[in-house]
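Structure data (mmCIF, C-alpha atoms and all ligand atoms) from input07.cif:
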```
data_final
loop_
_atom_site.label_atom_id
_atom_site.label_comp_id
_atom_site.auth_asym_id
_atom_site.auth_seq_id
_atom_site.Cartn_x
_atom_site.Cartn_y
_atom_site.Cartn_z
CA MET A 11 -98.13 -53.12 -157.75
CA ARG A 12 -98.08 -56.87 -158.46
CA ILE A 13 -98.89 -57.96 -162.02
CA ARG A 14 -99.48 -61.30 -163.72
CA PHE A 15 -97.51 -62.01 -166.89
CA THR A 16 -96.87 -64.78 -169.41
CA LYS A 17 -93.40 -65.32 -170.85
CA MET A 18 -93.50 -66.47 -174.49
CA GLN A 19 -91.12 -66.91 -177.40
CA GLY A 20 -91.36 -67.20 -181.16
CA ALA A 21 -88.17 -68.58 -182.76
CA GLY A 22 -86.30 -67.30 -179.70
CA ASN A 23 -87.60 -63.71 -179.96
CA ASP A 24 -88.95 -63.44 -176.41
CA PHE A 25 -91.87 -61.56 -174.93
CA VAL A 26 -93.59 -60.63 -171.70
CA VAL A 27 -97.31 -60.75 -172.52
CA LEU A 28 -99.81 -58.80 -170.40
CA ASP A 29 -103.61 -59.10 -170.33
CA GLU A 30 -105.43 -55.76 -170.27
CA THR A 31 -108.70 -57.11 -171.65
CA ARG A 32 -110.51 -56.46 -168.34
CA ALA A 33 -108.70 -53.39 -167.02
CA PRO A 34 -105.68 -51.27 -167.95
CA LEU A 35 -102.55 -51.83 -165.85
CA GLY A 36 -101.45 -48.19 -166.19
CA LEU A 37 -97.82 -48.98 -167.04
CA THR A 38 -95.32 -46.39 -168.30
CA ALA A 39 -92.24 -46.65 -170.53
CA ALA A 40 -90.13 -47.08 -167.36
CA HIS A 41 -92.28 -50.09 -166.33
CA TYR A 42 -91.85 -51.70 -169.76
CA GLN A 43 -88.09 -51.19 -169.48
CA PHE A 44 -88.17 -52.79 -166.03
CA LEU A 45 -90.15 -55.84 -167.22
CA ALA A 46 -87.80 -56.31 -170.20
CA ASN A 47 -84.67 -56.05 -168.05
CA ARG A 48 -82.93 -59.46 -167.92
CA HIS A 49 -81.32 -58.79 -164.52
CA PHE A 50 -83.95 -56.93 -162.49
CA GLY A 51 -87.21 -57.78 -164.32
CA VAL A 52 -88.53 -60.78 -166.28
CA GLY A 53 -86.41 -60.29 -169.40
CA ALA A 54 -87.74 -59.85 -172.93
CA ASP A 55 -87.08 -58.28 -176.31
CA GLN A 56 -90.61 -56.83 -176.39
CA ILE A 57 -93.60 -56.40 -174.06
CA LEU A 58 -96.94 -57.27 -175.70
CA THR A 59 -100.19 -55.99 -174.21
CA VAL A 60 -103.55 -57.47 -175.20
CA ARG A 61 -106.51 -55.08 -175.09
CA PRO A 62 -110.12 -55.09 -176.31
CA PRO A 63 -110.60 -53.46 -179.73
CA ALA A 64 -110.49 -49.65 -179.65
CA ALA A 65 -113.86 -47.85 -179.93
CA ASP A 66 -113.01 -46.75 -183.51
CA ALA A 67 -111.77 -50.21 -184.62
CA ALA A 68 -112.98 -51.59 -187.95
CA PRO A 69 -115.87 -54.08 -187.78
CA GLY A 70 -114.71 -57.65 -187.17
CA VAL A 71 -111.62 -56.70 -185.17
CA ASP A 72 -111.29 -59.06 -182.17
CA PHE A 73 -108.48 -57.47 -180.15
CA GLN A 74 -105.97 -54.68 -180.02
CA TYR A 75 -102.33 -55.53 -179.43
CA VAL A 76 -99.79 -53.00 -178.24
CA ILE A 77 -96.04 -53.51 -178.62
CA HIS A 78 -93.25 -51.95 -176.57
CA ASN A 79 -89.58 -52.55 -177.30
CA ALA A 80 -87.17 -53.37 -174.45
CA ASP A 81 -86.17 -49.69 -174.41
CA GLY A 82 -89.77 -48.79 -173.46
CA GLY A 83 -90.75 -47.25 -176.80
CA GLU A 84 -94.07 -48.16 -178.40
CA VAL A 85 -93.75 -49.52 -181.95
CA GLU A 86 -96.04 -50.32 -184.83
CA GLN A 87 -95.57 -54.00 -185.53
CA CYS A 88 -94.03 -57.29 -184.32
CA GLY A 89 -94.31 -60.45 -186.40
CA ASN A 90 -93.09 -63.07 -183.90
CA GLY A 91 -95.24 -61.34 -181.29
CA ALA A 92 -98.33 -61.66 -183.50
CA ARG A 93 -97.97 -65.45 -183.48
CA CYS A 94 -97.49 -65.52 -179.70
CA PHE A 95 -100.45 -63.17 -179.34
CA LEU A 96 -102.78 -65.73 -181.00
CA ARG A 97 -101.52 -68.57 -178.80
CA PHE A 98 -101.95 -66.34 -175.71
CA VAL A 99 -105.58 -65.38 -176.38
CA ARG A 100 -106.48 -69.01 -177.10
CA GLU A 101 -104.65 -70.48 -174.10
CA ARG A 102 -106.29 -67.95 -171.78
CA GLY A 103 -109.75 -68.69 -173.21
CA LEU A 104 -110.13 -65.13 -174.53
CA THR A 105 -111.22 -66.63 -177.88
CA THR A 106 -111.92 -70.02 -179.41
CA LYS A 107 -111.32 -68.80 -182.96
CA ASP A 108 -108.49 -70.31 -185.04
CA ALA A 109 -107.93 -66.93 -186.70
CA VAL A 110 -108.33 -63.51 -185.12
CA ARG A 111 -108.23 -60.00 -186.49
CA VAL A 112 -105.91 -57.80 -184.48
CA GLN A 113 -105.58 -54.02 -184.50
CA THR A 114 -101.96 -52.82 -184.27
CA LEU A 115 -100.52 -49.31 -184.61
CA SER A 116 -99.85 -50.05 -188.29
CA GLY A 117 -103.20 -51.64 -189.16
CA VAL A 118 -105.09 -54.91 -188.85
CA ILE A 119 -103.21 -58.21 -189.15
CA GLU A 120 -104.60 -61.73 -189.08
CA PRO A 121 -102.80 -64.57 -187.27
CA ARG A 122 -104.22 -68.05 -187.93
CA LEU A 123 -103.45 -71.37 -186.21
CA SER A 124 -102.11 -74.03 -188.63
CA ALA A 125 -102.88 -77.74 -188.40
CA ASP A 126 -99.26 -78.43 -187.39
CA GLY A 127 -99.48 -76.08 -184.37
CA ARG A 128 -97.50 -73.27 -185.99
CA VAL A 129 -99.13 -69.90 -186.65
CA THR A 130 -99.41 -68.14 -190.01
CA VAL A 131 -99.84 -64.38 -190.05
CA ASP A 132 -101.12 -62.22 -192.89
CA MET A 133 -98.74 -59.31 -192.26
CA GLY A 134 -100.23 -57.04 -194.93
CA ALA A 135 -98.45 -55.62 -197.98
CA PRO A 136 -94.92 -54.21 -197.73
CA VAL A 137 -94.47 -50.48 -198.34
CA PHE A 138 -91.61 -49.22 -200.51
CA GLU A 139 -92.10 -45.44 -200.78
CA PRO A 140 -89.12 -44.02 -198.84
CA ALA A 141 -91.22 -41.31 -197.16
CA ARG A 142 -93.57 -43.93 -195.72
CA VAL A 143 -90.76 -46.08 -194.21
CA PRO A 144 -89.68 -43.32 -193.23
CA PHE A 145 -86.33 -42.93 -195.06
CA ASP A 146 -84.85 -39.73 -196.46
CA PRO A 147 -83.06 -40.42 -199.78
CA ALA A 148 -82.41 -36.72 -200.59
CA GLY A 149 -79.22 -36.40 -202.64
CA LEU A 150 -78.68 -40.18 -202.89
CA GLU A 151 -78.72 -42.01 -206.23
CA PRO A 152 -80.59 -45.33 -206.03
CA GLN A 153 -78.17 -48.10 -207.06
CA PRO A 154 -79.71 -50.28 -209.80
CA ASP A 155 -79.35 -53.75 -208.33
CA GLY A 156 -81.07 -56.69 -210.03
CA ALA A 157 -84.70 -55.88 -210.77
CA TRP A 158 -84.94 -53.31 -207.99
CA GLN A 159 -82.61 -50.94 -206.18
CA THR A 160 -80.65 -50.43 -203.00
CA TRP A 161 -79.36 -47.22 -201.43
CA LYS A 162 -75.65 -46.70 -200.70
CA LEU A 163 -75.30 -45.16 -197.27
CA ALA A 164 -72.17 -43.97 -195.52
CA LEU A 165 -71.90 -45.08 -191.91
CA SER A 166 -69.25 -43.66 -189.62
CA ALA A 167 -65.56 -43.98 -190.34
CA GLN A 168 -65.20 -46.43 -187.42
CA ALA A 169 -67.61 -48.98 -188.92
CA GLU A 170 -66.30 -51.96 -190.82
CA GLY A 171 -67.40 -51.47 -194.46
CA ALA A 172 -68.22 -47.79 -193.95
CA ILE A 173 -70.49 -47.73 -197.04
CA VAL A 174 -73.40 -50.18 -197.07
CA ALA A 175 -76.02 -50.97 -199.74
CA LEU A 176 -79.41 -51.10 -198.06
CA ALA A 177 -82.83 -52.20 -199.31
CA VAL A 178 -85.40 -50.08 -197.46
CA VAL A 179 -88.84 -51.57 -196.73
CA SER A 180 -91.66 -51.03 -194.26
CA MET A 181 -93.61 -53.99 -192.90
CA GLY A 182 -95.60 -51.53 -190.80
CA ASN A 183 -92.27 -50.89 -189.06
CA PRO A 184 -89.04 -49.73 -190.75
CA HIS A 185 -86.37 -52.13 -192.05
CA ALA A 186 -83.02 -51.68 -193.83
CA VAL A 187 -81.69 -54.96 -195.24
CA GLN A 188 -78.22 -55.67 -196.58
CA ILE A 189 -76.92 -58.79 -198.30
CA VAL A 190 -73.84 -60.33 -196.66
CA GLU A 191 -71.56 -63.22 -197.60
CA ASP A 192 -71.83 -64.94 -194.23
CA VAL A 193 -74.15 -63.95 -191.36
CA ASP A 194 -71.82 -65.54 -188.81
CA THR A 195 -69.07 -63.01 -189.56
CA ALA A 196 -71.32 -60.08 -190.57
CA PRO A 197 -70.70 -56.86 -188.57
CA VAL A 198 -74.14 -56.99 -186.92
CA LEU A 199 -73.07 -55.59 -183.56
CA THR A 200 -70.88 -52.80 -184.96
CA GLN A 201 -72.95 -51.66 -187.96
CA GLY A 202 -76.34 -52.49 -186.41
CA PRO A 203 -76.46 -49.55 -183.97
CA LEU A 204 -75.06 -47.14 -186.60
CA ILE A 205 -77.76 -48.13 -189.09
CA GLU A 206 -80.47 -48.08 -186.38
CA HIS A 207 -79.60 -44.47 -185.51
CA HIS A 208 -78.64 -43.23 -189.00
CA PRO A 209 -80.07 -39.71 -189.43
CA ARG A 210 -81.78 -40.68 -192.70
CA PHE A 211 -84.21 -42.88 -190.72
CA ALA A 212 -86.36 -40.40 -188.78
CA GLN A 213 -87.98 -43.13 -186.64
CA ARG A 214 -84.77 -45.22 -186.41
CA VAL A 215 -84.73 -48.58 -188.18
CA ASN A 216 -84.33 -52.34 -187.77
CA ALA A 217 -81.08 -53.46 -189.48
CA GLY A 218 -81.16 -56.83 -191.26
CA PHE A 219 -78.16 -58.87 -192.47
CA MET A 220 -79.18 -61.58 -194.96
CA GLN A 221 -77.07 -64.37 -196.44
CA VAL A 222 -78.68 -65.91 -199.52
CA VAL A 223 -78.05 -69.69 -199.44
CA ASP A 224 -80.15 -70.51 -202.53
CA ARG A 225 -83.42 -69.25 -204.06
CA THR A 226 -85.54 -70.74 -201.27
CA HIS A 227 -83.24 -70.50 -198.24
CA VAL A 228 -81.64 -67.56 -196.47
CA ARG A 229 -79.89 -67.03 -193.16
CA LEU A 230 -80.75 -63.82 -191.29
CA ARG A 231 -79.63 -61.79 -188.31
CA VAL A 232 -81.41 -58.59 -187.26
CA TYR A 233 -80.22 -55.78 -185.02
CA GLU A 234 -83.61 -54.57 -183.81
CA ARG A 235 -84.54 -50.98 -183.14
CA GLY A 236 -84.99 -50.57 -179.39
CA ALA A 237 -83.88 -54.10 -178.50
CA GLY A 238 -80.46 -54.86 -180.03
CA GLU A 239 -79.75 -58.16 -181.80
CA THR A 240 -82.54 -60.69 -181.18
CA LEU A 241 -82.59 -64.42 -181.96
CA ALA A 242 -85.23 -63.76 -184.63
CA CYS A 243 -87.29 -60.88 -186.02
CA GLY A 244 -90.53 -61.75 -187.81
CA THR A 245 -91.04 -58.47 -189.62
CA GLY A 246 -87.29 -58.51 -190.35
CA ALA A 247 -87.68 -61.91 -192.03
CA CYS A 248 -90.61 -60.57 -194.10
CA ALA A 249 -88.65 -57.45 -195.12
CA ALA A 250 -85.52 -59.45 -196.02
CA VAL A 251 -87.41 -61.94 -198.20
CA VAL A 252 -89.41 -59.17 -199.89
CA ALA A 253 -86.14 -57.34 -200.64
CA GLY A 254 -84.52 -60.56 -201.91
CA ILE A 255 -87.48 -61.27 -204.20
CA ARG A 256 -87.46 -57.71 -205.59
CA LEU A 257 -83.73 -57.97 -206.18
CA GLY A 258 -84.37 -61.12 -208.24
CA LEU A 259 -82.48 -63.39 -205.81
CA LEU A 260 -85.32 -65.38 -204.23
CA ASP A 261 -88.46 -67.34 -205.13
CA ALA A 262 -91.92 -66.60 -203.73
CA ARG A 263 -91.59 -69.00 -200.77
CA VAL A 264 -88.44 -68.90 -198.64
CA ASP A 265 -87.29 -70.54 -195.41
CA VAL A 266 -85.47 -68.05 -193.22
CA GLN A 267 -82.98 -69.58 -190.78
CA THR A 268 -82.58 -67.28 -187.81
CA ARG A 269 -80.44 -67.93 -184.73
CA GLY A 270 -83.58 -69.08 -182.88
CA GLY A 271 -85.47 -71.10 -185.50
CA VAL A 272 -86.95 -71.19 -188.98
CA LEU A 273 -89.64 -68.84 -190.32
CA THR A 274 -91.33 -69.47 -193.67
CA ILE A 275 -92.14 -66.36 -195.68
CA GLU A 276 -94.39 -66.25 -198.75
CA TRP A 277 -94.95 -63.23 -200.99
CA ALA A 278 -96.61 -63.09 -204.43
CA GLY A 279 -95.33 -59.62 -205.36
CA VAL A 280 -95.97 -55.87 -205.12
CA GLY A 281 -99.37 -55.00 -203.64
CA GLN A 282 -99.81 -58.51 -202.19
CA PRO A 283 -99.70 -59.40 -198.48
CA VAL A 284 -96.73 -61.21 -196.93
CA PHE A 285 -97.49 -64.45 -195.08
CA MET A 286 -95.20 -65.53 -192.24
CA THR A 287 -95.38 -68.98 -190.62
CA GLY A 288 -93.49 -70.04 -187.51
CA PRO A 289 -93.63 -71.31 -183.94
CA ALA A 290 -95.21 -69.64 -180.90
CA VAL A 291 -94.49 -71.10 -177.45
CA THR A 292 -95.51 -70.31 -173.86
CA VAL A 293 -92.45 -70.59 -171.60
CA PHE A 294 -93.89 -69.86 -168.14
CA GLU A 295 -96.33 -67.67 -166.22
CA GLY A 296 -95.73 -65.66 -163.10
CA ASP A 297 -96.34 -62.62 -160.93
CA ILE A 298 -93.90 -59.80 -160.42
CA GLU A 299 -93.82 -56.82 -158.11
CA VAL A 300 -93.42 -53.75 -160.29
CA PRO A 301 -91.73 -50.89 -158.43
CA GLU A 302 -93.03 -47.31 -158.31
CA LEU A 303 -91.50 -45.67 -161.36
CA PRO A 304 -92.19 -42.38 -163.17
N1 LIG B 401 -89.26 -58.66 -183.00
C1 LIG B 401 -90.24 -58.08 -183.81
C2 LIG B 401 -90.13 -56.63 -184.13
C3 LIG B 401 -90.31 -55.76 -182.89
C4 LIG B 401 -90.32 -54.29 -183.17
C5 LIG B 401 -89.03 -53.77 -183.75
N2 LIG B 401 -87.92 -53.89 -182.83
C6 LIG B 401 -89.22 -52.29 -184.13
O1 LIG B 401 -88.78 -51.41 -183.37
O2 LIG B 401 -89.81 -52.03 -185.17
C7 LIG B 401 -90.73 -58.95 -184.93
O3 LIG B 401 -90.76 -60.19 -184.73
O4 LIG B 401 -91.18 -58.44 -185.96
#
```

How would this structure read if it were set down as structure tokens?
Amino acid sequence: MRIRFTKMQGAGNDFVVLDETRAPLGLTAAHYQFLANRHFGVGADQILTVRPPAADAAPGVDFQYVIHNADGGEVEQCGNGARCFLRFVRERGLTTKDAVRVQTLSGVIEPRLSADGRVTVDMGAPVFEPARVPFDPAGLEPQPDGAWQTWKLALSAQAEGAIVALAVVSMGNPHAVQIVEDVDTAPVLTQGPLIEHHPRFAQRVNAGFMQVVDRTHVRLRVYERGAGETLACGTGACAAVVAGIRLGLLDARVDVQTRGGVLTIEWAGVGQPVFMTGPAVTVFEGDIEVPELP
């Protein structure tokens, strides 16, 4: 089967975007893995599929957007992808609106085109209840840390810094954020997979490493669930800033320097939505022959 795709990136987090607004392509997890493969496929951190709103969608929803990680697993949310999604539906003439309402697995989000060409997304309110992340804190004492708390978690004996203090937040998808002295030397590639697969996170987790530069600037690296370290993670930036604000370290508007670009995150406090602003770029379009796969 030959399929048409668009390659996009948001702060270096890269995507294969597929249009299923007219007909489903009938792809499986193995196909998503193939498309994401950087040697045999197109190469991407995530595959984004644009669909019409589901029959039971809330009134006013314009599209449905489905996210698969490079490992083929479907996930709830993708912040950088949401910005690329808006640029995709506009560039393909699927809408002329500046702001669209999009159904994701974790609810409706609203990306909006800014005057400067960047996209701002209302990502909804962060969730802190451990069970809803999901995170199992049974038997752990929360560590009072600033105005909020972190959880001390033992990793394996092989990991550098075998005990880590993690702030646990859901942005629709699960995040565990730790504060580090210097992101350049942080043990992202050694601790990242151990945190991702830690048994206390039933759905696995995205592992963030945040260096606080000052109250309005942080540097961030994220080892993403199902994709490994990416150049940027939008929901990871939201989760890190929310955690930093709750820990009393950050102001309400913060620039997040990732390895692939800057994301601006704004959050007014508990119960309020997080706004993320950043770039969304089309890299190229193409066709690819997708092999027969289970
Ligand atoms: N890159 C994304 C997040 C994609 C999903 C994530 N890996 C997960 O499994 O939850 C972003 O920009 O938010």

Residue with the minimum atom-to-atom distance to Glu101 of chain A, picked from A:Val143, A:Leu58, A:Val291, A:Trp277 with all atoms listed in the file counted, is A:Val291

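The smallest atom-to-atom distance between Asp261 of chain A and any of A:Glu239, A:Thr245, A:Leu303, A:Val228, using only C-alpha atoms, is found for A:Val228.
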
Find the residues of chain A that sit at most 6 Å from ligand LIG 401 (chain B); for each, write down the nearest two atoms and how far apart they are in Å, to one decimal. Count only C-alpha atoms and all ligand atoms. Sort by chain, then by number going up, and give it as a Markdown table.
```
| residue | atom | partner | partner_atom | distance |
| --- | --- | --- | --- | --- |
| A:Asn79 | CA | B:LIG401 | N2 | 5.9 |
| A:Val85 | CA | B:LIG401 | O1 | 5.5 |
| A:Gln87 | CA | B:LIG401 | C4 | 5.8 |
| A:Cys88 | CA | B:LIG401 | O4 | 3.5 |
| A:Gly89 | CA | B:LIG401 | O4 | 3.7 |
| A:Asn90 | CA | B:LIG401 | O3 | 3.8 |
| A:Gly91 | CA | B:LIG401 | O3 | 5.8 |
| A:Asn183 | CA | B:LIG401 | O2 | 4.7 |
| A:Glu234 | CA | B:LIG401 | N2 | 4.5 |
| A:Arg235 | CA | B:LIG401 | O1 | 4.3 |
| A:Gly236 | CA | B:LIG401 | O1 | 5.6 |
| A:Ala237 | CA | B:LIG401 | N2 | 5.9 |
| A:Cys243 | CA | B:LIG401 | O3 | 3.8 |
| A:Gly244 | CA | B:LIG401 | O3 | 3.5 |
| A:Thr245 | CA | B:LIG401 | O4 | 3.7 |
| A:Gly246 | CA | B:LIG401 | O4 | 5.9 |
```

Those residues with C-alpha atoms, as a compact mmCIF listing (two decimals), in the coordinates of the input please?
```txt
# COMPACT_ATOMS: atom_id res chain seq x y z
CA ASN A 79 -89.58 -52.55 -177.30
CA VAL A 85 -93.75 -49.52 -181.95
CA GLN A 87 -95.57 -54.00 -185.53
CA CYS A 88 -94.03 -57.29 -184.32
CA GLY A 89 -94.31 -60.45 -186.40
CA ASN A 90 -93.09 -63.07 -183.90
CA GLY A 91 -95.24 -61.34 -181.29
CA ASN A 183 -92.27 -50.89 -189.06
CA GLU A 234 -83.61 -54.57 -183.81
CA ARG A 235 -84.54 -50.98 -183.14
CA GLY A 236 -84.99 -50.57 -179.39
CA ALA A 237 -83.88 -54.10 -178.50
CA CYS A 243 -87.29 -60.88 -186.02
CA GLY A 244 -90.53 -61.75 -187.81
CA THR A 245 -91.04 -58.47 -189.62
CA GLY A 246 -87.29 -58.51 -190.35
```

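Going from atom CA of Gly218 of chain A to atom CA of Pro136 of chain A covers 15.4 Å.
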
Contacts of Thr38 of chain A within 10 Å, all atoms listed in the file, excl. fewer than 6 positions in-chain, as a VMD selection string
chain A and resid 44 82 to 83 303 to 304

Can you tell me, as a PyMOL selection string, what residues are no more than 12 Å from segment 159-163 of chain A when counting only C-alpha atoms, ignoring any on the same chain fewer than 6 positions away?
chain A and resi 138+140+145-153+169+171-179+186-189+201+204-205+208-211+253-258
